[in-house]
Each structure stands twice: as structure tokens, then as C-alpha cells.
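A.B. asks: If it helps, the file is called run-v9.tsv and holds TSV, C-alpha atoms:
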```
chain	number	residue	atom	x	y	z
A	181	MET	CA	20.96	63.10	9.02
A	182	TYR	CA	19.81	63.85	12.52
A	183	TRP	CA	21.83	61.31	14.54
A	184	SER	CA	25.54	61.65	15.38
A	185	SER	CA	26.11	57.96	16.20
A	186	PHE	CA	24.42	54.60	15.72
A	187	SER	CA	24.20	53.94	19.46
A	188	GLU	CA	22.39	57.24	19.89
A	189	PHE	CA	19.97	56.12	17.16
A	190	LEU	CA	19.36	52.83	18.99
A	191	ALA	CA	18.89	54.51	22.37
A	192	MET	CA	16.19	56.90	21.05
A	193	GLY	CA	16.79	59.19	24.01
A	194	ASN	CA	15.97	56.48	26.61
A	195	HIS	CA	12.78	55.62	24.74
A	196	GLY	CA	14.43	52.84	22.73
A	197	VAL	CA	12.32	50.03	24.22
A	198	TYR	CA	9.07	51.77	23.31
A	199	VAL	CA	10.10	52.96	19.84
A	200	TRP	CA	11.75	49.69	18.77
A	201	GLY	CA	9.03	47.62	20.44
A	202	SER	CA	6.55	49.38	18.14
A	203	VAL	CA	8.74	49.08	15.04
A	204	ILE	CA	9.52	45.38	15.50
A	205	VAL	CA	5.95	44.26	16.18
A	206	MET	CA	4.58	46.26	13.24
A	207	ALA	CA	7.32	44.93	10.94
A	208	ILE	CA	6.67	41.32	12.00
A	209	ALA	CA	2.92	41.75	11.45
A	210	MET	CA	3.41	43.26	7.99
A	211	ILE	CA	5.81	40.48	6.95
A	212	VAL	CA	3.90	37.53	8.41
A	213	GLU	CA	0.47	38.49	6.99
A	214	PRO	CA	1.48	38.33	3.29
A	215	LEU	CA	3.55	35.17	3.91
A	216	LEU	CA	0.50	33.44	5.41
A	217	LEU	CA	-1.59	34.58	2.43
A	218	ILE	CA	0.93	33.18	-0.07
A	219	ARG	CA	0.96	29.87	1.81
A	220	GLY	CA	-2.86	29.79	1.97
A	221	GLN	CA	-3.21	30.45	-1.77
A	222	LYS	CA	-0.65	27.75	-2.62
A	223	SER	CA	-2.27	25.12	-0.41
A	224	LEU	CA	-5.74	25.97	-1.77
A	225	VAL	CA	-4.55	25.61	-5.38
A	226	ALA	CA	-2.89	22.29	-4.52
A	227	ARG	CA	-6.05	21.03	-2.79
A	228	LEU	CA	-8.34	22.04	-5.67
A	229	LYS	CA	-6.00	20.41	-8.19
A	230	ARG	CA	-6.02	17.16	-6.20
A	231	GLN	CA	-9.83	17.22	-6.10
A	232	LEU	CA	-10.02	17.91	-9.83
A	233	ARG	CA	-7.68	15.00	-10.63
A	234	ALA	CA	-9.60	12.65	-8.34
A	235	GLU	CA	-12.87	13.68	-10.03
A	236	ARG	CA	-11.46	13.04	-13.48
A	237	GLN	CA	-10.16	9.62	-12.49
A	238	ASP	CA	-13.63	8.76	-11.15
A	239	ASN	CA	-15.26	9.88	-14.40
A	240	HIS	CA	-12.75	7.91	-16.39
A	241	ALA	CA	-13.36	4.79	-14.29
A	242	ASP	CA	-17.15	5.17	-14.74
A	243	ARG	CA	-16.84	5.29	-18.51
A	244	SER	CA	-14.42	2.43	-18.75
A	245	THR	CA	-16.35	-0.02	-16.58
A	246	PRO	CA	-18.99	-1.08	-19.17
A	247	LEU	CA	-16.26	-1.70	-21.75
A	248	GLN	CA	-14.45	-4.06	-19.45
A	249	GLY	CA	-17.63	-5.90	-18.50
B	273	MET	CA	-16.73	58.29	-28.30
B	274	SER	CA	-18.65	55.44	-26.78
B	275	ASN	CA	-16.07	52.84	-27.76
B	276	ARG	CA	-13.50	54.61	-25.55
B	277	VAL	CA	-15.56	54.06	-22.42
B	278	ILE	CA	-14.17	51.21	-20.36
B	279	ASN	CA	-16.81	48.85	-19.11
B	280	TRP	CA	-15.92	48.88	-15.42
B	281	PHE	CA	-18.76	46.52	-14.58
B	282	LYS	CA	-16.88	43.83	-16.45
B	283	PHE	CA	-14.49	43.68	-13.51
B	284	ALA	CA	-17.38	43.20	-11.09
B	285	SER	CA	-17.36	39.53	-12.06
B	286	PRO	CA	-14.98	37.40	-10.01
B	287	GLN	CA	-13.76	35.69	-13.19
B	288	ALA	CA	-12.58	38.97	-14.75
B	289	PHE	CA	-11.29	40.40	-11.49
B	290	TYR	CA	-9.15	37.40	-10.50
B	291	PRO	CA	-6.42	37.89	-13.16
B	292	LEU	CA	-6.66	41.69	-12.92
B	293	ALA	CA	-6.00	41.54	-9.15
B	294	GLY	CA	-3.07	39.23	-9.80
B	295	LYS	CA	-1.53	41.80	-12.15
B	296	MET	CA	-2.08	44.71	-9.74
B	297	ILE	CA	-0.58	43.12	-6.60
B	298	PRO	CA	3.14	43.60	-7.51
B	299	TRP	CA	2.53	47.29	-8.31
B	300	PHE	CA	0.97	47.94	-4.92
B	301	TRP	CA	3.85	46.10	-3.22
B	302	ALA	CA	6.34	48.30	-5.11
B	303	LEU	CA	4.50	51.48	-4.12
B	304	ALA	CA	4.28	50.32	-0.49
B	305	ALA	CA	8.05	49.70	-0.43
B	306	VAL	CA	8.93	53.06	-2.00
B	307	PHE	CA	6.61	55.09	0.24
B	308	GLY	CA	7.58	53.06	3.31
B	309	LEU	CA	11.34	53.50	2.84
B	310	ALA	CA	10.94	57.22	2.13
B	311	GLY	CA	8.64	57.72	5.12
B	312	LEU	CA	10.85	55.79	7.56
B	313	TYR	CA	13.94	57.60	6.25
B	314	LEU	CA	12.34	60.99	6.92
B	315	GLY	CA	10.77	59.92	10.20
B	316	PHE	CA	13.65	58.05	11.78
B	317	LEU	CA	16.77	59.58	10.23
B	318	VAL	CA	15.98	63.15	9.20
B	319	ALA	CA	13.18	64.54	11.39
B	320	PRO	CA	14.35	66.52	14.43
B	321	THR	CA	13.39	65.63	17.98
B	322	ASP	CA	10.11	66.78	19.50
B	323	ALA	CA	10.45	69.60	22.04
B	324	GLN	CA	7.97	68.08	24.51
B	325	GLN	CA	8.19	64.34	23.94
B	326	GLY	CA	11.85	63.74	23.05
B	327	GLU	CA	12.63	60.82	20.74
B	328	GLY	CA	9.66	58.75	21.93
B	329	TYR	CA	7.42	60.80	19.66
B	330	ARG	CA	8.82	58.87	16.67
B	331	ILE	CA	6.21	56.20	17.38
B	332	ILE	CA	3.88	58.67	15.63
B	333	PHE	CA	5.22	57.46	12.25
B	334	LEU	CA	3.74	54.03	12.96
B	335	HIS	CA	0.85	54.83	15.29
B	336	VAL	CA	-0.97	57.45	13.21
B	337	PRO	CA	-0.84	55.47	9.91
B	338	ALA	CA	-2.00	52.28	11.69
B	339	SER	CA	-4.88	54.16	13.36
B	340	TRP	CA	-5.96	55.93	10.17
B	341	LEU	CA	-5.91	52.68	8.24
B	342	SER	CA	-7.87	50.81	10.93
B	343	MET	CA	-10.68	53.37	10.59
B	344	PHE	CA	-10.45	53.81	6.82
B	345	ILE	CA	-10.43	50.04	6.12
B	346	TYR	CA	-13.55	49.71	8.25
B	347	LEU	CA	-15.38	52.32	6.14
B	348	VAL	CA	-14.28	50.64	2.90
B	349	MET	CA	-15.25	47.21	4.28
B	350	ALA	CA	-18.70	48.49	5.30
B	351	PHE	CA	-19.10	50.14	1.87
B	352	TRP	CA	-18.38	46.89	0.00
B	353	ALA	CA	-20.49	44.87	2.44
B	354	GLY	CA	-23.40	47.30	2.02
B	355	LEU	CA	-23.09	47.20	-1.77
B	356	GLY	CA	-23.11	43.41	-1.65
B	357	LEU	CA	-26.16	43.44	0.59
B	358	ALA	CA	-28.12	45.95	-1.52
B	359	PHE	CA	-27.32	44.65	-5.01
B	360	ASN	CA	-26.22	41.08	-4.37
B	361	PHE	CA	-22.82	41.68	-5.98
B	362	ARG	CA	-20.74	38.62	-5.16
B	363	LEU	CA	-17.37	40.32	-5.61
B	364	SER	CA	-18.08	43.26	-3.31
B	365	ALA	CA	-19.08	40.90	-0.48
B	366	MET	CA	-15.83	39.00	-1.06
B	367	MET	CA	-13.89	42.29	-0.88
B	368	ALA	CA	-15.47	43.04	2.50
B	369	THR	CA	-14.47	39.60	3.80
B	370	ALA	CA	-10.94	40.09	2.45
B	371	LEU	CA	-10.50	43.47	4.17
B	372	ALA	CA	-11.58	42.44	7.68
B	373	PRO	CA	-8.42	40.63	8.89
B	374	THR	CA	-6.14	43.43	7.65
B	375	GLY	CA	-8.35	46.01	9.34
B	376	ALA	CA	-8.23	44.01	12.56
B	377	LEU	CA	-4.44	43.85	12.28
B	378	PHE	CA	-4.16	47.63	11.94
B	379	ALA	CA	-6.56	48.16	14.86
B	380	PHE	CA	-4.35	45.89	16.96
B	381	LEU	CA	-1.19	47.71	15.81
B	382	SER	CA	-2.81	51.04	16.63
B	383	LEU	CA	-3.50	49.85	20.19
B	384	TRP	CA	-0.06	48.23	20.54
B	385	THR	CA	1.94	51.24	19.34
B	386	GLY	CA	-0.41	53.48	21.34
B	387	ALA	CA	0.31	51.52	24.54
B	388	LEU	CA	4.05	51.74	23.91
B	389	TRP	CA	3.69	55.48	23.34
B	390	GLY	CA	1.41	56.02	26.32
B	391	LYS	CA	3.73	54.36	28.83
B	392	PRO	CA	6.64	56.85	28.53
B	393	MET	CA	4.41	59.91	27.93
B	394	TRP	CA	1.44	59.35	30.24
B	395	GLY	CA	3.00	56.79	32.60
B	396	THR	CA	0.41	54.14	31.75
B	397	TRP	CA	-0.08	51.52	29.04
B	398	TRP	CA	-3.83	51.92	28.99
B	399	VAL	CA	-6.61	54.20	30.20
B	400	TRP	CA	-10.34	53.77	29.63
B	401	ASP	CA	-10.54	57.04	27.77
B	402	ALA	CA	-12.91	57.73	24.86
B	403	ARG	CA	-10.30	57.50	22.10
B	404	LEU	CA	-8.69	54.30	23.36
B	405	THR	CA	-11.95	52.59	24.27
B	406	SER	CA	-13.62	53.34	20.92
B	407	GLU	CA	-10.53	52.02	19.08
B	408	LEU	CA	-10.74	48.82	21.16
B	409	ILE	CA	-14.42	48.54	20.17
B	410	LEU	CA	-13.30	48.86	16.53
B	411	LEU	CA	-10.99	45.86	17.01
B	412	PHE	CA	-13.90	43.91	18.55
B	413	LEU	CA	-16.14	44.86	15.60
B	414	TYR	CA	-13.57	43.44	13.17
B	415	VAL	CA	-13.19	40.28	15.24
B	416	GLY	CA	-16.98	39.97	15.54
B	417	PHE	CA	-17.38	40.35	11.76
B	418	ILE	CA	-14.78	37.64	11.11
B	419	ALA	CA	-16.24	35.29	13.75
B	420	LEU	CA	-19.82	35.78	12.53
B	421	GLN	CA	-18.89	35.08	8.92
B	422	SER	CA	-16.88	31.99	9.76
B	423	ALA	CA	-19.70	30.65	11.96
B	424	ILE	CA	-22.14	30.52	9.00
B	425	ASP	CA	-21.53	27.75	6.48
B	426	ASP	CA	-23.51	29.18	3.58
B	427	ALA	CA	-21.28	31.88	2.05
B	428	ARG	CA	-24.10	34.10	0.77
B	429	ARG	CA	-25.88	34.08	4.14
B	430	ALA	CA	-22.56	34.79	5.88
B	431	ASP	CA	-22.12	37.79	3.55
B	432	ARG	CA	-25.51	39.21	4.49
B	433	ALA	CA	-25.12	38.71	8.23
B	434	GLY	CA	-21.63	40.21	8.16
B	435	ALA	CA	-22.85	43.17	6.11
B	436	ILE	CA	-25.48	44.08	8.69
B	437	LEU	CA	-22.92	43.92	11.51
B	438	ALA	CA	-20.43	45.98	9.47
B	439	LEU	CA	-23.03	48.67	8.67
B	440	VAL	CA	-24.24	48.98	12.26
B	441	GLY	CA	-20.63	49.30	13.43
B	442	VAL	CA	-19.95	52.26	11.10
B	443	VAL	CA	-21.35	54.56	13.80
B	444	ASN	CA	-18.21	53.84	15.85
B	445	VAL	CA	-15.80	55.37	13.28
B	446	PRO	CA	-16.85	59.04	13.69
B	447	ILE	CA	-16.90	58.43	17.45
B	448	ILE	CA	-13.22	57.42	17.33
B	449	TYR	CA	-12.28	60.26	15.03
B	450	PHE	CA	-14.01	63.05	16.95
B	451	SER	CA	-13.55	61.58	20.43
B	452	VAL	CA	-10.62	63.90	21.17
B	453	LYS	CA	-12.86	66.89	20.42
B	454	TRP	CA	-16.09	65.71	22.02
B	455	TRP	CA	-14.60	64.58	25.33
B	456	ASN	CA	-11.72	65.72	27.46
B	457	THR	CA	-9.33	62.85	27.01
B	458	LEU	CA	-5.77	62.02	27.87
B	459	HIS	CA	-5.13	61.36	24.18
B	460	GLN	CA	-3.68	64.34	22.35
B	461	GLY	CA	-5.69	66.11	19.65
B	462	SER	CA	-5.42	65.43	15.92
B	463	SER	CA	-1.92	65.71	14.47
B	464	VAL	CA	-3.31	66.70	11.11
B	465	SER	CA	-6.63	68.38	10.49
B	466	LEU	CA	-8.45	69.32	7.33
B	467	THR	CA	-9.54	72.67	8.64
B	468	LYS	CA	-6.33	74.21	9.98
B	469	SER	CA	-2.71	74.12	8.92
B	470	PRO	CA	-0.68	71.39	10.63
B	471	SER	CA	1.11	72.23	13.84
B	472	MET	CA	4.03	69.89	13.20
B	473	ALA	CA	7.32	70.41	11.39
B	474	THR	CA	7.23	69.81	7.63
B	475	THR	CA	9.63	66.83	7.67
B	476	MET	CA	7.58	65.16	10.41
B	477	LEU	CA	4.39	65.73	8.46
B	478	TRP	CA	5.86	64.34	5.25
B	479	GLY	CA	7.31	61.36	7.07
B	480	MET	CA	3.93	60.59	8.58
B	481	LEU	CA	2.01	61.05	5.33
B	482	LEU	CA	4.45	58.82	3.41
B	483	CYS	CA	4.19	56.10	6.09
B	484	ALA	CA	0.40	56.35	5.91
B	485	LEU	CA	0.52	56.00	2.10
B	486	ALA	CA	2.79	52.97	2.49
B	487	CYS	CA	0.31	51.33	4.88
B	488	TRP	CA	-2.48	52.14	2.45
B	489	MET	CA	-0.68	50.49	-0.48
B	490	TYR	CA	0.18	47.52	1.76
B	491	ALA	CA	-3.47	47.13	2.76
B	492	ILE	CA	-4.59	47.14	-0.91
B	493	ALA	CA	-1.92	44.58	-1.88
B	494	VAL	CA	-2.79	42.26	0.99
B	495	ALA	CA	-6.56	42.61	0.47
B	496	LEU	CA	-6.14	41.75	-3.22
B	497	MET	CA	-4.08	38.68	-2.31
B	498	ARG	CA	-6.75	37.54	0.14
B	499	VAL	CA	-9.67	38.21	-2.22
B	500	ARG	CA	-8.01	36.03	-4.87
B	501	THR	CA	-7.93	33.11	-2.44
B	502	ILE	CA	-11.57	33.75	-1.51
B	503	ILE	CA	-12.61	33.92	-5.19
B	504	LEU	CA	-10.87	30.64	-5.95
B	505	GLU	CA	-12.41	28.91	-2.95
B	506	ARG	CA	-15.96	30.10	-3.60
B	507	GLU	CA	-15.92	29.65	-7.38
B	508	ARG	CA	-14.13	26.28	-7.31
B	509	HIS	CA	-17.01	24.48	-9.05
B	510	THR	CA	-17.10	26.85	-12.03
B	511	ASP	CA	-15.57	26.09	-15.42
B	512	TRP	CA	-13.21	29.05	-15.37
B	513	VAL	CA	-11.59	28.00	-12.07
B	514	ARG	CA	-11.16	24.46	-13.43
B	515	ALA	CA	-9.57	25.87	-16.57
B	516	GLU	CA	-7.33	28.08	-14.43
B	517	LEU	CA	-6.20	25.07	-12.38
B	518	ILE	CA	-5.52	22.93	-15.45
B	519	GLY	CA	-3.64	25.80	-17.06
B	520	LYS	CA	-1.24	25.82	-14.13
B	521	GLU	CA	-0.33	22.13	-14.49
```
Let me see the structure of the file written as C-alpha cells.
C.D. replies:
Amino acid sequence: MYWSSFSEFLAMGNHGVYVWGSVIVMAIAMIVEPLLLIRGQKSLVARLKRQLRAERQDNHADRSTPLQG
Amino acid sequence: MSNRVINWFKFASPQAFYPLAGKMIPWFWALAAVFGLAGLYLGFLVAPTDAQQGEGYRIIFLHVPASWLSMFIYLVMAFWAGLGLAFNFRLSAMMATALAPTGALFAFLSLWTGALWGKPMWGTWWVWDARLTSELILLFLYVGFIALQSAIDDARRADRAGAILALVGVVNVPIIYFSVKWWNTLHQGSSVSLTKSPSMATTMLWGMLLCALACWMYAIAVALMRVRTIILERERHTDWVRAELIGKE
């Protein structure tokens, strides 16, 4: 271990703002990107399922109409 | 003998690749986490200070991997785009589309961490020097590729137009890489070179390489996640996607 105290680690020899500014932005980017992708995949699957169900109901209605009439 | 040969072309079809990608994603996430934790541990807790730059040099463990990946992803993206253009492979064009946003993200992170490194070391956030300017052009190439593809409704035409842009832009990558040799720039020379032994301490080098590997694994995981969404969207009218959707109900 290189550091003797946690506050020294945070200070980064007076470069704390620059070092942690880099770390935080990169961490946020690499957490947000996969979360957005998971959300996008889920909403796409939900949308396609809705469309598929709507299509089937239409087909079903088309077939059943002559029987009723 | 011949029955032991795996038919790799089987996975060139989106239908075969979709479940395979789904199985691979957790493994790449695991590798990214292991390499990332090891690299950050070495870089931020073990590595000694830099004689010239003090503690601010630790930005190197983020900046160099982000910059490498921004260039490497571009080459891979152009490769897949070119393959799609030449042979009309649907999946390789989708891979190119899936890589672009992640490449753009790494190009942005390279510029961001570079600015935060430049300020304490050079006294400025930005200079119009060859290295920095060509990296900014790389970001614009990614953004241009994404914008061009999303402006064209027909997916196959969007693939072709994007591929041409991606291939033309490849010329910029060696310019970025060799810019510190070709021109006198404010940016320091390469930290690691293939031709001479590294000038940095071993722990620093290992920390940097592990962080770069972590970013690499991350990029693969994220690109696979995005390509799955693209496959589903583009193949939504096929029987296998319908079966896949019903199977999930």
C-alpha cells in the first residue's frame, strides 16, 4: 500500500480535483451506458410483444367474422 | 478430422448469433470486473508517485486505456463495416453500428481525462495540437457515422453509407497514433511502445495494461448487448424473432 492515510489518498497531492474528476466521469459513463442498453432491450421486447399480440388478435377477428355473419 | 471443425460461418447469421451473444455477455462483464479491480488496485493503491508529475499522473490509468480503445474500436468498426459492404453480411454491418456509440464514448472520455490531466501539467485544458486535434476528429467521425446512419430510414442503405464514411475515416487512426512522433507536440510521447522496452515502473505498466484489458472487455460486453437489440429490431418480422418473443411469455 502506497498511501499512509485516507485523506492523503483523497488529496492526490493537490491534484485531487483532476484525478477524481476523471475517475467519477468515467465511472458514471461506464455504469450509465449498460443501464441504458438494458432498458432499451426491455422496452423493445415489450413493444414487439405488444405488436405481435395485436396482430394475432386481428387475425383471429378476421377468421371469426364470417362465422358470426 | 473434418467433423471436429467448427462451422464458424454458422454464427454469421443473426439468428444463431443472438443466443450466443446472450451467453457470452456475463463472461465479458466478469472479466471486465476482475481486470478493472486489479488494475485500479495497482494503479491507485500500490503504484508509487511519478517523479515529474506527482500524483496527477494517476489519470494515466484511465486516459491511456480510453484513448487506446477509442482508436481500436474505430478500426474494428471499420473492419466490420467494410466486410458488410464487400460481402453484404448483415451481422457484420450490425456489429459496426453497435460499436459506434461505445467508441464515441471512449473518444469523449479520452478527451475529458486528457483535459483534466493537461490542466495541472501544462496549465491548459486544451491546445490545438496534433494529438488532441486528431482525437477530436475521431470523436466527430464517430458522431458523423451515428448521425448518418440514423438519418437513413432503409437499414441496408444506412449500412452502406456508414461503411464508406467509416472506411474513409480510418486514415485518421494512424495520424492520431503517430502524431507525437511526426510533429512536435505538447502531448508526451507513447507510454508503451512495441519497439523499445517501457520507460515506466513495472507496477504502473501492469496497472495500465490491466485497466486497458478491463476497458476492452467492457467494450465487448456493451457492444454485444447493443447488437442484440439491433438484431431484434431489424429481424422483428422473421419467424425466429416471433418464436423468441412467444417463448418469453
A.B. asks: When the cut-off is 7 Å and we count all atoms listed in the file, which residues of chain A are near chain B, given as a PDB file with C-alpha atoms, keeping the file's coordinate frame?
C.D. replies:
```
ATOM      1  CA  MET A 181      20.960  63.100   9.020  1.00  0.00           C
ATOM      2  CA  TYR A 182      19.810  63.850  12.520  1.00  0.00           C
ATOM      3  CA  TRP A 183      21.830  61.310  14.540  1.00  0.00           C
ATOM      4  CA  MET A 192      16.190  56.900  21.050  1.00  0.00           C
ATOM      5  CA  GLY A 193      16.790  59.190  24.010  1.00  0.00           C
ATOM      6  CA  HIS A 195      12.780  55.620  24.740  1.00  0.00           C
ATOM      7  CA  TYR A 198       9.070  51.770  23.310  1.00  0.00           C
ATOM      8  CA  VAL A 199      10.100  52.960  19.840  1.00  0.00           C
ATOM      9  CA  SER A 202       6.550  49.380  18.140  1.00  0.00           C
ATOM     10  CA  MET A 206       4.580  46.260  13.240  1.00  0.00           C
ATOM     11  CA  PRO A 214       1.480  38.330   3.290  1.00  0.00           C
ATOM     12  CA  LEU A 217      -1.590  34.580   2.430  1.00  0.00           C
ATOM     13  CA  GLN A 221      -3.210  30.450  -1.770  1.00  0.00           C
ATOM     14  CA  LYS A 229      -6.000  20.410  -8.190  1.00  0.00           C
TER      15      LYS A 229
END
```
A.B. asks: In Å, with one decimal, what is the gap from CA of Ala427 (chain B) to CA of Ile297 (chain B)?
C.D. replies: 25.1 Å
A.B. asks: Using CA of Gly395 (chain B) and CA of His459 (chain B) as the two end points, give the distance in Å to one decimal.
C.D. replies: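 Interatomic distance, CA of Gly395 (chain B) to CA of His459 (chain B): 12.6 Å.
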A.B. asks: Excluding Ala372 (chain B) and its own-chain neighbours fewer than 2 positions away, which residues fall within 7 Å of it when counting all atoms listed in the file? Please give them as an mmCIF file with C-alpha atoms, in the coordinates of the input.
C.D. replies:
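So result03.cif came out as:
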```cif
data_model
loop_
_atom_site.group_PDB
_atom_site.id
_atom_site.type_symbol
_atom_site.label_atom_id
_atom_site.label_comp_id
_atom_site.auth_asym_id
_atom_site.auth_seq_id
_atom_site.Cartn_x
_atom_site.Cartn_y
_atom_site.Cartn_z
ATOM 1 C CA MET B 349 -15.250 47.210 4.280
ATOM 2 C CA ALA B 368 -15.470 43.040 2.500
ATOM 3 C CA THR B 369 -14.470 39.600 3.800
ATOM 4 C CA ALA B 370 -10.940 40.090 2.450
ATOM 5 C CA THR B 374 -6.140 43.430 7.650
ATOM 6 C CA GLY B 375 -8.350 46.010 9.340
ATOM 7 C CA ALA B 376 -8.230 44.010 12.560
ATOM 8 C CA TYR B 414 -13.570 43.440 13.170
ATOM 9 C CA ILE B 418 -14.780 37.640 11.110
#
```
A.B. asks: Could you jot down the CA of Asp401 (chain B) to CA of Ser463 (chain B) separation for me, Å, one decimal place?
C.D. replies: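 Separating CA of Asp401 (chain B) from CA of Ser463 (chain B) is a distance of 18.1 Å.
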A.B. asks: Please list as a PyMOL selection string every residue within 12 Å of Asp431 (chain B), counting all atoms listed in the file and excluding residues in the same chain fewer than 2 positions away.
C.D. replies: chain B and resi 349-350+352-358+360-370+417-418+420-429+433-438
A.B. asks: Using only C-alpha atoms, pick whichever of B:Ile492, B:Leu411, B:Ala288, B:Ala419 has the shortest atom-to-atom distance to Tyr346 (chain B).
C.D. replies: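 For Tyr346 (chain B), the nearest of the given residues is B:Leu411.
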A.B. asks: Extract, using only C-alpha atoms, all DNA, RNA and protein residues at most 8 Å from Leu482 (chain B), discarding same-chain residues fewer than 3 positions from it, and format them as a PDB file with C-alpha atoms, in the coordinates of the input.
C.D. replies:
```
ATOM      1  CA  PHE B 307       6.610  55.090   0.240  1.00  0.00           C
ATOM      2  CA  GLY B 308       7.580  53.060   3.310  1.00  0.00           C
ATOM      3  CA  ALA B 310      10.940  57.220   2.130  1.00  0.00           C
ATOM      4  CA  GLY B 311       8.640  57.720   5.120  1.00  0.00           C
ATOM      5  CA  TRP B 478       5.860  64.340   5.250  1.00  0.00           C
ATOM      6  CA  GLY B 479       7.310  61.360   7.070  1.00  0.00           C
ATOM      7  CA  LEU B 485       0.520  56.000   2.100  1.00  0.00           C
ATOM      8  CA  ALA B 486       2.790  52.970   2.490  1.00  0.00           C
TER       9      ALA B 486
END
```
A.B. asks: Using all atoms listed in the file - which residues lie no farther than 10 Å from the point (-6.0, 59.5, 20.4) in the file's frame? Write them as a ChimeraX atom specification.
C.D. replies: /B:335-336,339,382-383,386,401-407,448-452,457-463
A.B. asks: Closest to Ala293 (chain B) among B:Met489, B:Val443, B:Leu371, B:Leu496, using all atoms listed in the file?
C.D. replies: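 For Ala293 (chain B), the nearest of the given residues is B:Leu496.
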A.B. asks: Mind giving me the axis-aligned box for region 220-231 of chain A with 5 Å on every side, centre plus edges in Å to one decimal, as lines of an AutoDock Vina configuration file?
C.D. replies:
```
center_x = -5.2
center_y = 23.8
center_z = -3.1
size_x = 19.2
size_y = 23.3
size_z = 20.2
```
